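Enquirer: File name run28.pdb; file contents PDB, C-alpha atoms, pLDDT in the B column; full text below.
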```pdb
ATOM      1  CA  MET A   1      -2.001 -18.505 -17.981  1.00 65.00           C
ATOM      2  CA  ASN A   2       1.333 -20.233 -18.599  1.00 76.00           C
ATOM      3  CA  ARG A   3       2.532 -17.164 -20.473  1.00 76.00           C
ATOM      4  CA  VAL A   4       1.451 -14.910 -17.611  1.00 80.00           C
ATOM      5  CA  ARG A   5       3.331 -17.134 -15.167  1.00 82.00           C
ATOM      6  CA  VAL A   6       6.437 -16.881 -17.345  1.00 80.00           C
ATOM      7  CA  ILE A   7       6.196 -13.083 -17.252  1.00 80.00           C
ATOM      8  CA  ILE A   8       5.748 -13.108 -13.457  1.00 82.00           C
ATOM      9  CA  ASP A   9       8.759 -15.385 -12.982  1.00 81.00           C
ATOM     10  CA  LYS A  10      10.823 -13.195 -15.296  1.00 78.00           C
ATOM     11  CA  GLU A  11       9.828 -10.021 -13.437  1.00 76.00           C
ATOM     12  CA  TRP A  12      10.595 -11.502 -10.036  1.00 77.00           C
ATOM     13  CA  ALA A  13      13.965 -12.756 -11.252  1.00 76.00           C
ATOM     14  CA  GLU A  14      14.828  -9.224 -12.406  1.00 73.00           C
ATOM     15  CA  VAL A  15      13.624  -7.640  -9.170  1.00 70.00           C
ATOM     16  CA  LEU A  16      15.625 -10.076  -7.045  1.00 72.00           C
ATOM     17  CA  LYS A  17      18.767  -8.832  -8.765  1.00 73.00           C
ATOM     18  CA  ASN A  18      18.147  -5.342  -7.366  1.00 69.00           C
ATOM     19  CA  LYS A  19      18.868  -5.523  -3.645  1.00 71.00           C
ATOM     20  CA  MET A  20      17.711  -1.944  -3.071  1.00 71.00           C
ATOM     21  CA  ILE A  21      14.162  -2.838  -4.096  1.00 70.00           C
ATOM     22  CA  ILE A  22      14.177  -5.820  -1.752  1.00 75.00           C
ATOM     23  CA  TYR A  23      15.488  -3.757   1.170  1.00 77.00           C
ATOM     24  CA  THR A  24      13.002  -0.958   0.513  1.00 73.00           C
ATOM     25  CA  ALA A  25      10.077  -3.354   0.214  1.00 74.00           C
ATOM     26  CA  GLY A  26      11.004  -5.159   3.423  1.00 81.00           C
ATOM     27  CA  LEU A  27      12.000  -2.175   5.558  1.00 84.00           C
ATOM     28  CA  MET A  28       8.658  -0.362   5.512  1.00 83.00           C
ATOM     29  CA  PRO A  29       6.461  -3.271   6.730  1.00 87.00           C
ATOM     30  CA  THR A  30       9.051  -4.108   9.401  1.00 90.00           C
ATOM     31  CA  LEU A  31       9.036  -0.564  10.764  1.00 89.00           C
ATOM     32  CA  PHE A  32       5.233  -0.442  10.734  1.00 88.00           C
ATOM     33  CA  VAL A  33       5.164  -3.575  12.884  1.00 91.00           C
ATOM     34  CA  VAL A  34       7.946  -2.710  15.330  1.00 92.00           C
ATOM     35  CA  ILE A  35       7.340   1.004  15.976  1.00 90.00           C
ATOM     36  CA  PRO A  36       3.664   0.831  17.080  1.00 89.00           C
ATOM     37  CA  LEU A  37       4.417  -2.198  19.269  1.00 91.00           C
ATOM     38  CA  VAL A  38       7.225  -0.331  21.012  1.00 90.00           C
ATOM     39  CA  MET A  39       5.053   2.757  21.475  1.00 86.00           C
ATOM     40  CA  LEU A  40       2.156   0.706  22.852  1.00 86.00           C
ATOM     41  CA  TYR A  41       4.529  -0.944  25.293  1.00 85.00           C
ATOM     42  CA  MET A  42       5.944   2.400  26.388  1.00 83.00           C
ATOM     43  CA  THR A  43       2.535   3.997  26.922  1.00 80.00           C
ATOM     44  CA  ASN A  44       1.484   0.988  28.981  1.00 75.00           C
ATOM     45  CA  LYS A  45       4.446   1.657  31.246  1.00 73.00           C
ATOM     46  CA  GLU A  46       3.389   5.264  31.801  1.00 66.00           C
ATOM     47  CA  LYS A  47       1.849   5.818  35.213  1.00 60.00           C
ATOM     48  CA  GLY A  48      -1.196   8.068  35.485  1.00 55.00           C
ATOM     49  CA  SER A  49      -2.615  10.158  32.656  1.00 53.00           C
ATOM     50  CA  LEU A  50      -0.519  10.968  29.632  1.00 53.00           C
ATOM     51  CA  ARG A  51       0.338  14.634  29.458  1.00 57.00           C
ATOM     52  CA  GLY A  52      -1.665  16.590  26.896  1.00 54.00           C
ATOM     53  CA  MET A  53      -4.208  13.825  26.288  1.00 55.00           C
ATOM     54  CA  GLU A  54      -6.842  14.859  28.827  1.00 56.00           C
ATOM     55  CA  ASN A  55      -8.878  16.860  26.327  1.00 60.00           C
ATOM     56  CA  ILE A  56      -8.936  14.254  23.574  1.00 62.00           C
ATOM     57  CA  THR A  57     -11.581  12.189  25.384  1.00 58.00           C
ATOM     58  CA  SER A  58     -14.085  14.952  24.608  1.00 60.00           C
ATOM     59  CA  LEU A  59     -13.948  13.996  20.922  1.00 62.00           C
ATOM     60  CA  PRO A  60     -16.720  11.631  19.733  1.00 60.00           C
ATOM     61  CA  ALA A  61     -14.215   9.050  18.509  1.00 62.00           C
ATOM     62  CA  PHE A  62     -12.773   8.659  22.016  1.00 64.00           C
ATOM     63  CA  ALA A  63     -15.916   9.089  24.123  1.00 63.00           C
ATOM     64  CA  GLY A  64     -15.881   7.087  27.342  1.00 66.00           C
ATOM     65  CA  MET A  65     -12.161   6.323  27.239  1.00 72.00           C
ATOM     66  CA  ASP A  66      -9.569   7.304  29.791  1.00 71.00           C
ATOM     67  CA  PRO A  67      -6.718   9.483  28.458  1.00 70.00           C
ATOM     68  CA  LYS A  68      -4.243   6.592  28.237  1.00 75.00           C
ATOM     69  CA  SER A  69      -6.636   4.365  26.272  1.00 76.00           C
ATOM     70  CA  ALA A  70      -7.561   7.279  24.015  1.00 76.00           C
ATOM     71  CA  ALA A  71      -3.871   7.908  23.312  1.00 77.00           C
ATOM     72  CA  GLN A  72      -3.317   4.257  22.448  1.00 81.00           C
ATOM     73  CA  VAL A  73      -6.367   4.118  20.176  1.00 81.00           C
ATOM     74  CA  LEU A  74      -5.104   7.264  18.467  1.00 80.00           C
ATOM     75  CA  LEU A  75      -1.740   5.590  17.996  1.00 82.00           C
ATOM     76  CA  VAL A  76      -3.294   2.380  16.681  1.00 86.00           C
ATOM     77  CA  ASN A  77      -5.492   4.176  14.148  1.00 83.00           C
ATOM     78  CA  GLN A  78      -2.540   6.195  12.889  1.00 81.00           C
ATOM     79  CA  PHE A  79      -0.371   3.148  12.266  1.00 84.00           C
ATOM     80  CA  MET A  80      -3.226   1.151  10.793  1.00 87.00           C
ATOM     81  CA  PHE A  81      -3.431   3.852   8.141  1.00 85.00           C
ATOM     82  CA  TYR A  82       0.296   3.405   7.581  1.00 85.00           C
ATOM     83  CA  PHE A  83      -0.277  -0.281   6.853  1.00 88.00           C
ATOM     84  CA  LEU A  84      -2.499   0.833   3.990  1.00 86.00           C
ATOM     85  CA  MET A  85       0.431   2.784   2.562  1.00 84.00           C
ATOM     86  CA  ILE A  86       2.384  -0.428   1.960  1.00 86.00           C
ATOM     87  CA  PRO A  87       0.262  -1.503  -1.058  1.00 85.00           C
ATOM     88  CA  LEU A  88       0.465   2.054  -2.383  1.00 82.00           C
ATOM     89  CA  ILE A  89       4.229   2.483  -2.204  1.00 81.00           C
ATOM     90  CA  VAL A  90       5.820  -0.959  -2.619  1.00 80.00           C
ATOM     91  CA  PRO A  91       4.300  -1.736  -6.070  1.00 79.00           C
ATOM     92  CA  ILE A  92       5.556   1.569  -7.432  1.00 76.00           C
ATOM     93  CA  PHE A  93       9.159   0.534  -6.776  1.00 72.00           C
ATOM     94  CA  ILE A  94       8.641  -2.838  -8.447  1.00 73.00           C
ATOM     95  CA  ALA A  95       6.478  -1.776 -11.388  1.00 72.00           C
ATOM     96  CA  SER A  96       8.484   1.361 -12.183  1.00 69.00           C
ATOM     97  CA  TYR A  97      11.744  -0.576 -12.238  1.00 68.00           C
ATOM     98  CA  SER A  98      10.183  -3.336 -14.313  1.00 67.00           C
ATOM     99  CA  ILE A  99       8.702  -1.192 -17.059  1.00 70.00           C
ATOM    100  CA  ILE A 100      11.422   1.457 -17.250  1.00 70.00           C
ATOM    101  CA  GLY A 101      14.066  -1.263 -17.155  1.00 68.00           C
ATOM    102  CA  GLU A 102      12.417  -2.875 -20.161  1.00 69.00           C
ATOM    103  CA  LYS A 103      12.392   0.468 -21.957  1.00 66.00           C
ATOM    104  CA  GLN A 104      16.053   1.174 -21.183  1.00 67.00           C
ATOM    105  CA  GLN A 105      17.158  -2.303 -22.232  1.00 69.00           C
ATOM    106  CA  ARG A 106      14.823  -2.219 -25.237  1.00 68.00           C
ATOM    107  CA  SER A 107      13.647  -5.723 -24.382  1.00 68.00           C
ATOM    108  CA  LEU A 108       9.927  -5.033 -24.800  1.00 68.00           C
ATOM    109  CA  GLU A 109      10.065  -5.033 -28.573  1.00 67.00           C
ATOM    110  CA  PRO A 110      11.455  -8.605 -28.893  1.00 71.00           C
ATOM    111  CA  LEU A 111       8.970  -9.760 -26.262  1.00 69.00           C
ATOM    112  CA  LEU A 112       6.081  -8.285 -28.237  1.00 68.00           C
ATOM    113  CA  ALA A 113       7.306 -10.175 -31.313  1.00 69.00           C
ATOM    114  CA  THR A 114       6.387 -13.429 -29.537  1.00 73.00           C
ATOM    115  CA  PRO A 115       2.821 -14.866 -29.544  1.00 73.00           C
ATOM    116  CA  ILE A 116       2.132 -13.299 -26.144  1.00 75.00           C
ATOM    117  CA  SER A 117      -0.732 -10.792 -26.170  1.00 76.00           C
ATOM    118  CA  VAL A 118      -0.405  -7.313 -24.729  1.00 73.00           C
ATOM    119  CA  TRP A 119      -3.027  -8.172 -22.117  1.00 77.00           C
ATOM    120  CA  GLU A 120      -1.036 -11.213 -21.001  1.00 79.00           C
ATOM    121  CA  LEU A 121       2.089  -9.096 -20.793  1.00 77.00           C
ATOM    122  CA  LEU A 122       0.319  -6.344 -18.855  1.00 78.00           C
ATOM    123  CA  LEU A 123      -1.394  -8.821 -16.524  1.00 80.00           C
ATOM    124  CA  GLY A 124       1.909 -10.526 -15.809  1.00 81.00           C
ATOM    125  CA  LYS A 125       3.604  -7.240 -14.951  1.00 80.00           C
ATOM    126  CA  VAL A 126       0.682  -6.077 -12.801  1.00 82.00           C
ATOM    127  CA  LEU A 127       0.537  -9.337 -10.856  1.00 84.00           C
ATOM    128  CA  ALA A 128       4.321  -9.424 -10.444  1.00 84.00           C
ATOM    129  CA  ALA A 129       4.183  -6.048  -8.702  1.00 83.00           C
ATOM    130  CA  ALA A 130       0.855  -6.471  -6.899  1.00 86.00           C
ATOM    131  CA  MET A 131       1.216  -9.915  -5.374  1.00 88.00           C
ATOM    132  CA  PRO A 132       4.331  -9.149  -3.263  1.00 86.00           C
ATOM    133  CA  ALA A 133       2.790  -5.875  -2.063  1.00 87.00           C
ATOM    134  CA  VAL A 134      -0.454  -7.506  -0.927  1.00 91.00           C
ATOM    135  CA  ALA A 135       1.441 -10.405   0.646  1.00 91.00           C
ATOM    136  CA  LEU A 136       3.740  -8.020   2.547  1.00 90.00           C
ATOM    137  CA  THR A 137       0.756  -5.993   3.755  1.00 91.00           C
ATOM    138  CA  TRP A 138      -1.138  -9.015   5.021  1.00 93.00           C
ATOM    139  CA  LEU A 139       1.969 -10.584   6.545  1.00 93.00           C
ATOM    140  CA  ALA A 140       2.908  -7.373   8.349  1.00 92.00           C
ATOM    141  CA  PHE A 141      -0.611  -6.921   9.696  1.00 93.00           C
ATOM    142  CA  ALA A 142      -0.808 -10.553  10.816  1.00 94.00           C
ATOM    143  CA  ALA A 143       2.494 -10.205  12.691  1.00 94.00           C
ATOM    144  CA  TYR A 144       1.337  -6.946  14.249  1.00 94.00           C
ATOM    145  CA  ALA A 145      -2.027  -8.401  15.288  1.00 93.00           C
ATOM    146  CA  VAL A 146      -0.402 -11.420  16.928  1.00 94.00           C
ATOM    147  CA  LEU A 147       2.303  -9.477  18.773  1.00 94.00           C
ATOM    148  CA  ALA A 148      -0.050  -6.650  19.803  1.00 92.00           C
ATOM    149  CA  ARG A 149      -2.043  -9.153  21.856  1.00 90.00           C
ATOM    150  CA  PHE A 150       0.861  -9.163  24.348  1.00 90.00           C
ATOM    151  CA  VAL A 151       1.167  -5.375  24.756  1.00 88.00           C
ATOM    152  CA  ALA A 152      -2.324  -3.964  24.106  1.00 86.00           C
ATOM    153  CA  THR A 153      -5.311  -3.843  26.419  1.00 86.00           C
ATOM    154  CA  ASP A 154      -8.512  -5.600  25.389  1.00 87.00           C
ATOM    155  CA  LEU A 155     -10.049  -2.265  24.357  1.00 87.00           C
ATOM    156  CA  VAL A 156      -7.088  -1.278  22.186  1.00 87.00           C
ATOM    157  CA  TYR A 157      -6.687  -4.750  20.706  1.00 91.00           C
ATOM    158  CA  GLY A 158     -10.366  -4.690  19.794  1.00 90.00           C
ATOM    159  CA  VAL A 159      -9.634  -1.632  17.637  1.00 88.00           C
ATOM    160  CA  ILE A 160      -6.750  -3.394  15.870  1.00 91.00           C
ATOM    161  CA  VAL A 161      -8.893  -6.382  14.836  1.00 92.00           C
ATOM    162  CA  SER A 162     -12.128  -4.433  14.431  1.00 92.00           C
ATOM    163  CA  PRO A 163     -14.303  -5.173  11.358  1.00 93.00           C
ATOM    164  CA  MET A 164     -13.512  -1.782   9.811  1.00 91.00           C
ATOM    165  CA  TRP A 165      -9.745  -2.375   9.865  1.00 92.00           C
ATOM    166  CA  LEU A 166     -10.126  -5.968   8.694  1.00 93.00           C
ATOM    167  CA  LEU A 167     -12.187  -4.650   5.773  1.00 93.00           C
ATOM    168  CA  ALA A 168      -9.509  -2.044   5.076  1.00 92.00           C
ATOM    169  CA  LEU A 169      -6.646  -4.550   5.104  1.00 92.00           C
ATOM    170  CA  ILE A 170      -8.396  -7.418   3.330  1.00 93.00           C
ATOM    171  CA  VAL A 171     -10.367  -5.496   0.688  1.00 93.00           C
ATOM    172  CA  LEU A 172      -9.087  -1.936   0.448  1.00 91.00           C
ATOM    173  CA  ALA A 173      -5.387  -2.852   0.467  1.00 91.00           C
ATOM    174  CA  PRO A 174      -5.576  -4.979  -2.721  1.00 92.00           C
ATOM    175  CA  LEU A 175      -7.620  -2.239  -4.403  1.00 91.00           C
ATOM    176  CA  PHE A 176      -4.922   0.272  -3.484  1.00 88.00           C
ATOM    177  CA  THR A 177      -2.356  -2.101  -4.979  1.00 88.00           C
ATOM    178  CA  VAL A 178      -4.177  -2.198  -8.305  1.00 87.00           C
ATOM    179  CA  LEU A 179      -4.360   1.604  -8.272  1.00 84.00           C
ATOM    180  CA  SER A 180      -0.660   1.935  -7.492  1.00 82.00           C
ATOM    181  CA  VAL A 181       0.478  -0.538 -10.143  1.00 82.00           C
ATOM    182  CA  SER A 182      -1.791   0.984 -12.793  1.00 81.00           C
ATOM    183  CA  LEU A 183      -0.453   4.453 -12.043  1.00 80.00           C
ATOM    184  CA  ALA A 184       3.078   3.083 -12.234  1.00 78.00           C
ATOM    185  CA  VAL A 185       2.302   1.787 -15.726  1.00 75.00           C
ATOM    186  CA  ILE A 186       1.028   5.196 -16.786  1.00 75.00           C
ATOM    187  CA  ILE A 187       3.947   7.092 -15.226  1.00 76.00           C
ATOM    188  CA  SER A 188       6.553   4.674 -16.552  1.00 72.00           C
ATOM    189  CA  SER A 189       5.170   4.990 -20.058  1.00 68.00           C
ATOM    190  CA  ARG A 190       5.990   8.715 -19.982  1.00 69.00           C
ATOM    191  CA  VAL A 191       9.356   8.856 -18.192  1.00 67.00           C
ATOM    192  CA  ASN A 192      12.640   7.006 -18.555  1.00 66.00           C
ATOM    193  CA  ASP A 193      14.146   7.443 -15.092  1.00 65.00           C
ATOM    194  CA  VAL A 194      13.240   5.007 -12.319  1.00 63.00           C
ATOM    195  CA  ARG A 195      13.841   7.524  -9.524  1.00 66.00           C
ATOM    196  CA  LEU A 196      11.664  10.119 -11.221  1.00 64.00           C
ATOM    197  CA  ALA A 197       8.858   7.572 -11.632  1.00 63.00           C
ATOM    198  CA  GLU A 198       9.153   6.600  -7.965  1.00 63.00           C
ATOM    199  CA  GLN A 199       9.054  10.238  -6.855  1.00 64.00           C
ATOM    200  CA  ILE A 200       5.996  10.997  -8.976  1.00 63.00           C
ATOM    201  CA  GLY A 201       4.274   7.838  -7.764  1.00 62.00           C
ATOM    202  CA  GLY A 202       5.123   8.725  -4.178  1.00 64.00           C
ATOM    203  CA  LEU A 203       2.911  11.792  -4.467  1.00 68.00           C
ATOM    204  CA  LEU A 204      -0.010   9.354  -4.390  1.00 69.00           C
ATOM    205  CA  VAL A 205       0.344   9.002  -0.628  1.00 69.00           C
ATOM    206  CA  LEU A 206       0.061  12.731   0.129  1.00 72.00           C
ATOM    207  CA  PRO A 207      -3.765  12.945  -0.007  1.00 73.00           C
ATOM    208  CA  PHE A 208      -3.865   9.684   1.913  1.00 69.00           C
ATOM    209  CA  VAL A 209      -1.630  11.125   4.644  1.00 72.00           C
ATOM    210  CA  ALA A 210      -3.863  14.197   4.904  1.00 74.00           C
ATOM    211  CA  VAL A 211      -6.951  12.016   5.395  1.00 71.00           C
ATOM    212  CA  SER A 212      -5.169   9.834   7.950  1.00 71.00           C
ATOM    213  CA  ILE A 213      -4.095  12.860   9.998  1.00 73.00           C
ATOM    214  CA  ALA A 214      -7.641  14.211  10.082  1.00 72.00           C
ATOM    215  CA  ALA A 215      -9.050  10.803  10.979  1.00 68.00           C
ATOM    216  CA  THR A 216      -6.571   9.989  13.725  1.00 64.00           C
ATOM    217  CA  ALA A 217      -7.063  13.452  15.230  1.00 63.00           C
ATOM    218  CA  GLY A 218     -10.751  12.699  15.599  1.00 60.00           C
ATOM    219  CA  LYS A 219     -11.859  15.148  12.908  1.00 67.00           C
ATOM    220  CA  ILE A 220     -13.225  12.288  10.820  1.00 69.00           C
ATOM    221  CA  LEU A 221     -15.188   9.533  12.524  1.00 70.00           C
ATOM    222  CA  LEU A 222     -13.815   6.158  11.476  1.00 76.00           C
ATOM    223  CA  ASN A 223     -16.358   3.397  10.979  1.00 82.00           C
ATOM    224  CA  PHE A 224     -17.108   0.361   8.843  1.00 88.00           C
ATOM    225  CA  GLN A 225     -19.360   2.313   6.469  1.00 89.00           C
ATOM    226  CA  MET A 226     -16.605   4.824   5.775  1.00 85.00           C
ATOM    227  CA  PHE A 227     -14.188   2.103   4.670  1.00 88.00           C
ATOM    228  CA  ALA A 228     -16.874   0.288   2.698  1.00 92.00           C
ATOM    229  CA  LEU A 229     -17.640   3.455   0.733  1.00 90.00           C
ATOM    230  CA  GLY A 230     -13.924   4.101   0.359  1.00 87.00           C
ATOM    231  CA  ALA A 231     -13.402   0.611  -1.071  1.00 91.00           C
ATOM    232  CA  LEU A 232     -16.242   1.176  -3.544  1.00 94.00           C
ATOM    233  CA  ALA A 233     -14.784   4.528  -4.621  1.00 91.00           C
ATOM    234  CA  VAL A 234     -11.270   3.082  -5.073  1.00 90.00           C
ATOM    235  CA  ALA A 235     -12.721   0.173  -7.067  1.00 93.00           C
ATOM    236  CA  PHE A 236     -14.330   2.600  -9.533  1.00 93.00           C
ATOM    237  CA  LEU A 237     -11.076   4.589  -9.663  1.00 90.00           C
ATOM    238  CA  ASP A 238      -9.166   1.372 -10.367  1.00 87.00           C
ATOM    239  CA  VAL A 239     -11.375   0.638 -13.364  1.00 88.00           C
ATOM    240  CA  ALA A 240     -10.730   4.100 -14.808  1.00 89.00           C
ATOM    241  CA  VAL A 241      -6.970   4.020 -14.219  1.00 84.00           C
ATOM    242  CA  VAL A 242      -6.604   0.442 -15.513  1.00 81.00           C
ATOM    243  CA  TYR A 243      -8.443   1.473 -18.679  1.00 82.00           C
ATOM    244  CA  VAL A 244      -6.084   4.403 -19.246  1.00 82.00           C
ATOM    245  CA  GLY A 245      -3.053   2.246 -18.485  1.00 76.00           C
ATOM    246  CA  ALA A 246      -4.216  -0.424 -20.920  1.00 75.00           C
ATOM    247  CA  LYS A 247      -4.618   2.190 -23.651  1.00 76.00           C
ATOM    248  CA  LEU A 248      -1.022   3.314 -23.112  1.00 73.00           C
ATOM    249  CA  PHE A 249       0.222  -0.272 -23.019  1.00 71.00           C
ATOM    250  CA  GLN A 250      -0.447  -1.113 -26.663  1.00 68.00           C
ATOM    251  CA  ARG A 251       1.895  -2.640 -29.214  1.00 63.00           C
ATOM    252  CA  GLU A 252       1.819   0.411 -31.497  1.00 64.00           C
ATOM    253  CA  THR A 253       2.449   2.813 -28.626  1.00 64.00           C
ATOM    254  CA  ILE A 254       5.315   0.759 -27.224  1.00 64.00           C
ATOM    255  CA  LEU A 255       7.019   0.348 -30.600  1.00 60.00           C
ATOM    256  CA  THR A 256       6.710   3.979 -31.692  1.00 63.00           C
ATOM    257  CA  LYS A 257       6.644   6.147 -28.562  1.00 59.00           C
ATOM    258  CA  TRP A 258       8.349   4.284 -25.693  1.00 57.00           C
ATOM    259  CA  LYS A 259      11.836   5.678 -26.296  1.00 58.00           C
TER     260      LYS A 259
END
```
Just dump the structure as structure tokens.
Expert:
Amino acid sequence: MNRVRVIIDKEWAEVLKNKMIIYTAGLMPTLFVVIPLVMLYMTNKEKGSLRGMENITSLPAFAGMDPKSAAQVLLVNQFMFYFLMIPLIVPIFIASYSIIGEKQQRSLEPLLATPISVWELLLGKVLAAAMPAVALTWLAFAAYAVLARFVATDLVYGVIVSPMWLLALIVLAPLFTVLSVSLAVIISSRVNDVRLAEQIGGLLVLPFVAVSIAATAGKILLNFQMFALGALAVAFLDVAVVYVGAKLFQRETILTKWK
């Protein structure tokens, strides 16, 4: 594990030199904390029913709620999905820069000449990208949950800290991180431009956005079972993608094809 720690420290030292990665990684969680809090505060200040929200209470997901509460729950669910985008997007910036940077500087070959195994090298790179993403996700959610207590009603706050969202943030978020980092390894093994790798990796969020729109519009009923099944499905997907990534991250492949 000492070798893995060395790789992690090396990766973090390289990332810290790139201010753009730091700003990008920090900006998204900050916005996802501030924007929903401001919108919850503003909707609380609205007097009477919110225009256009009267019909939404007829949907099963908002049954029994008044229009204002339904609008706030809709808002909360939408931004809770956005929190799950943090572990999808942030690791791509870190992992893509790490691997492609190594390829451009041709520093992988000397590293592979050391006693370190490919699995130790891969694990170090994966953890270096995954750990900050998971930490940022949990930190952002914790800040949001604490501050939302001051602007959300009991009903709305109950949605924020509901078991299904806690499951999503505590279990599903790390699984998404593994998926994102593994895909970054695969993408970075085939391209040599960091921006291109980031753009390709960013396509990962498109299906996720489509699902979140349908769910927050009440077309998909959100519940604990849905997220539990989703976590199980992503876990199986992680295994498959990690296997493919590991096959691409081999000494022979790196030395002969990573040009």
Enquirer: Translate the PyMOL selection byres ((chain A and resi 41) around 12), as applied to the file shown, into an explicit residue set as a count of residues only.
Expert: 22
Enquirer: Any idea what the distance is between atom CA of Phe176 of chain A and atom CA of Glu14 of chain A?
Expert: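 Between these atoms lies a distance of 23.7 Å.
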Enquirer: Under the PyMOL selection byres ((chain A and resi 235) around 9), which residues of this model are included? Write them out as an MDAnalysis selection string.
Expert: chainID A and resid 172 175:176 178:179 230:234 236:240
Enquirer: With C-alpha atoms kept, could you save the residues just selected as a compact mmCIF listing (two decimals), keeping the file's coordinate frame?
Expert:
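Output below, filename again03.txt:
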```txt
# COMPACT_ATOMS: atom_id res chain seq x y z
CA LEU A 172 -9.09 -1.94 0.45
CA LEU A 175 -7.62 -2.24 -4.40
CA PHE A 176 -4.92 0.27 -3.48
CA VAL A 178 -4.18 -2.20 -8.30
CA LEU A 179 -4.36 1.60 -8.27
CA GLY A 230 -13.92 4.10 0.36
CA ALA A 231 -13.40 0.61 -1.07
CA LEU A 232 -16.24 1.18 -3.54
CA ALA A 233 -14.78 4.53 -4.62
CA VAL A 234 -11.27 3.08 -5.07
CA PHE A 236 -14.33 2.60 -9.53
CA LEU A 237 -11.08 4.59 -9.66
CA ASP A 238 -9.17 1.37 -10.37
CA VAL A 239 -11.38 0.64 -13.36
CA ALA A 240 -10.73 4.10 -14.81
```
Enquirer: Once the PyMOL selection byres ((chain A and resi 183) around 9) has been applied to the shown file, what residues remain in the selection, as an NGL selection string?
Expert: :A and (92 or 178-182 or 184-188 or 201 or 241-242 or 245)
Enquirer: So how far away is atom CA of Leu221 of chain A from atom CA of Leu155 of chain A, in Å?
Expert: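 We find that atom CA of Leu155 of chain A and atom CA of Leu221 of chain A lie 17.5 Å from each other.
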Enquirer: Atom CA of Ala128 of chain A and atom CA of Ile100 of chain A, how far apart in Å?
Expert: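 Answer for the atom CA of Ile100 of chain A to atom CA of Ala128 of chain A separation: 14.7 Å.
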Enquirer: Between A:Pro174, A:Pro29, A:Pro207, A:Pro91, which is the closest to Phe79 of chain A once you count all atoms listed in the file?
Expert: A:Pro29
Enquirer: From the set A:Met85, A:Leu136, A:Ala142, A:Met80, which residue has the shortest atom-to-atom contact distance to Leu206 of chain A, counting all atoms listed in the file?
Expert: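 Of the candidates, the smallest distance to Leu206 of chain A is held by A:Met85.
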Enquirer: Nearest to Leu74 of chain A: which of A:Ala95, A:Ala210, A:Val159, A:Ala173 is it, counting only C-alpha atoms?
Expert: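 Of A:Ala95, A:Ala210, A:Val159, A:Ala173, the one nearest Leu74 of chain A, counting only C-alpha atoms, is A:Val159.
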Enquirer: Point out the residue among A:Ile22, A:Val76, A:Leu127, A:Ala143 with the least atom-to-atom distance to Tyr157 of chain A, counting all atoms listed in the file.
Expert: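 Looking only at the distances to Tyr157 of chain A, the closest residue turns out to be A:Val76.
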Enquirer: Considering only C-alpha atoms, state which residue in the set A:Ile116, A:Leu123, A:Trp138, A:Leu88 is at the smallest distance from Leu169 of chain A.
Expert: A:Trp138
Enquirer: So which one's closest to Lys17 of chain A, A:Leu84, A:Ile99, A:Ile94, A:Ala228? Using all atoms listed in the file, please.
Expert: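 Closest to Lys17 of chain A, using all atoms listed in the file: A:Ile94.
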Enquirer: Have segment 166-177 of chain A completed to N, CA and C atoms, please, and pass it along as a CSV table (one decimal), keeping the file's coordinate frame.
Expert:
```csv
chain,number,residue,atom,x,y,z
A,166,LEU,N,-10.2,-4.7,9.5
A,166,LEU,CA,-10.1,-6.0,8.7
A,166,LEU,C,-10.6,-5.8,7.3
A,167,LEU,N,-11.7,-5.0,7.1
A,167,LEU,CA,-12.2,-4.6,5.8
A,167,LEU,C,-11.1,-3.8,5.0
A,168,ALA,N,-10.5,-2.9,5.7
A,168,ALA,CA,-9.5,-2.0,5.1
A,168,ALA,C,-8.3,-2.9,4.6
A,169,LEU,N,-7.8,-3.8,5.4
A,169,LEU,CA,-6.6,-4.6,5.1
A,169,LEU,C,-6.9,-5.7,4.1
A,170,ILE,N,-8.1,-6.3,4.2
A,170,ILE,CA,-8.4,-7.4,3.3
A,170,ILE,C,-8.9,-7.0,2.0
A,171,VAL,N,-9.7,-5.9,1.9
A,171,VAL,CA,-10.4,-5.5,0.7
A,171,VAL,C,-9.7,-4.2,0.1
A,172,LEU,N,-9.6,-3.2,1.0
A,172,LEU,CA,-9.1,-1.9,0.4
A,172,LEU,C,-7.6,-2.0,0.1
A,173,ALA,N,-6.8,-2.8,0.8
A,173,ALA,CA,-5.4,-2.9,0.5
A,173,ALA,C,-5.1,-3.4,-0.9
A,174,PRO,N,-5.8,-4.5,-1.3
A,174,PRO,CA,-5.6,-5.0,-2.7
A,174,PRO,C,-6.1,-4.0,-3.8
A,175,LEU,N,-7.1,-3.3,-3.5
A,175,LEU,CA,-7.6,-2.2,-4.4
A,175,LEU,C,-6.6,-1.1,-4.5
A,176,PHE,N,-6.0,-0.7,-3.4
A,176,PHE,CA,-4.9,0.3,-3.5
A,176,PHE,C,-3.7,-0.2,-4.3
A,177,THR,N,-3.5,-1.5,-4.2
A,177,THR,CA,-2.4,-2.1,-5.0
A,177,THR,C,-2.6,-2.0,-6.5
```
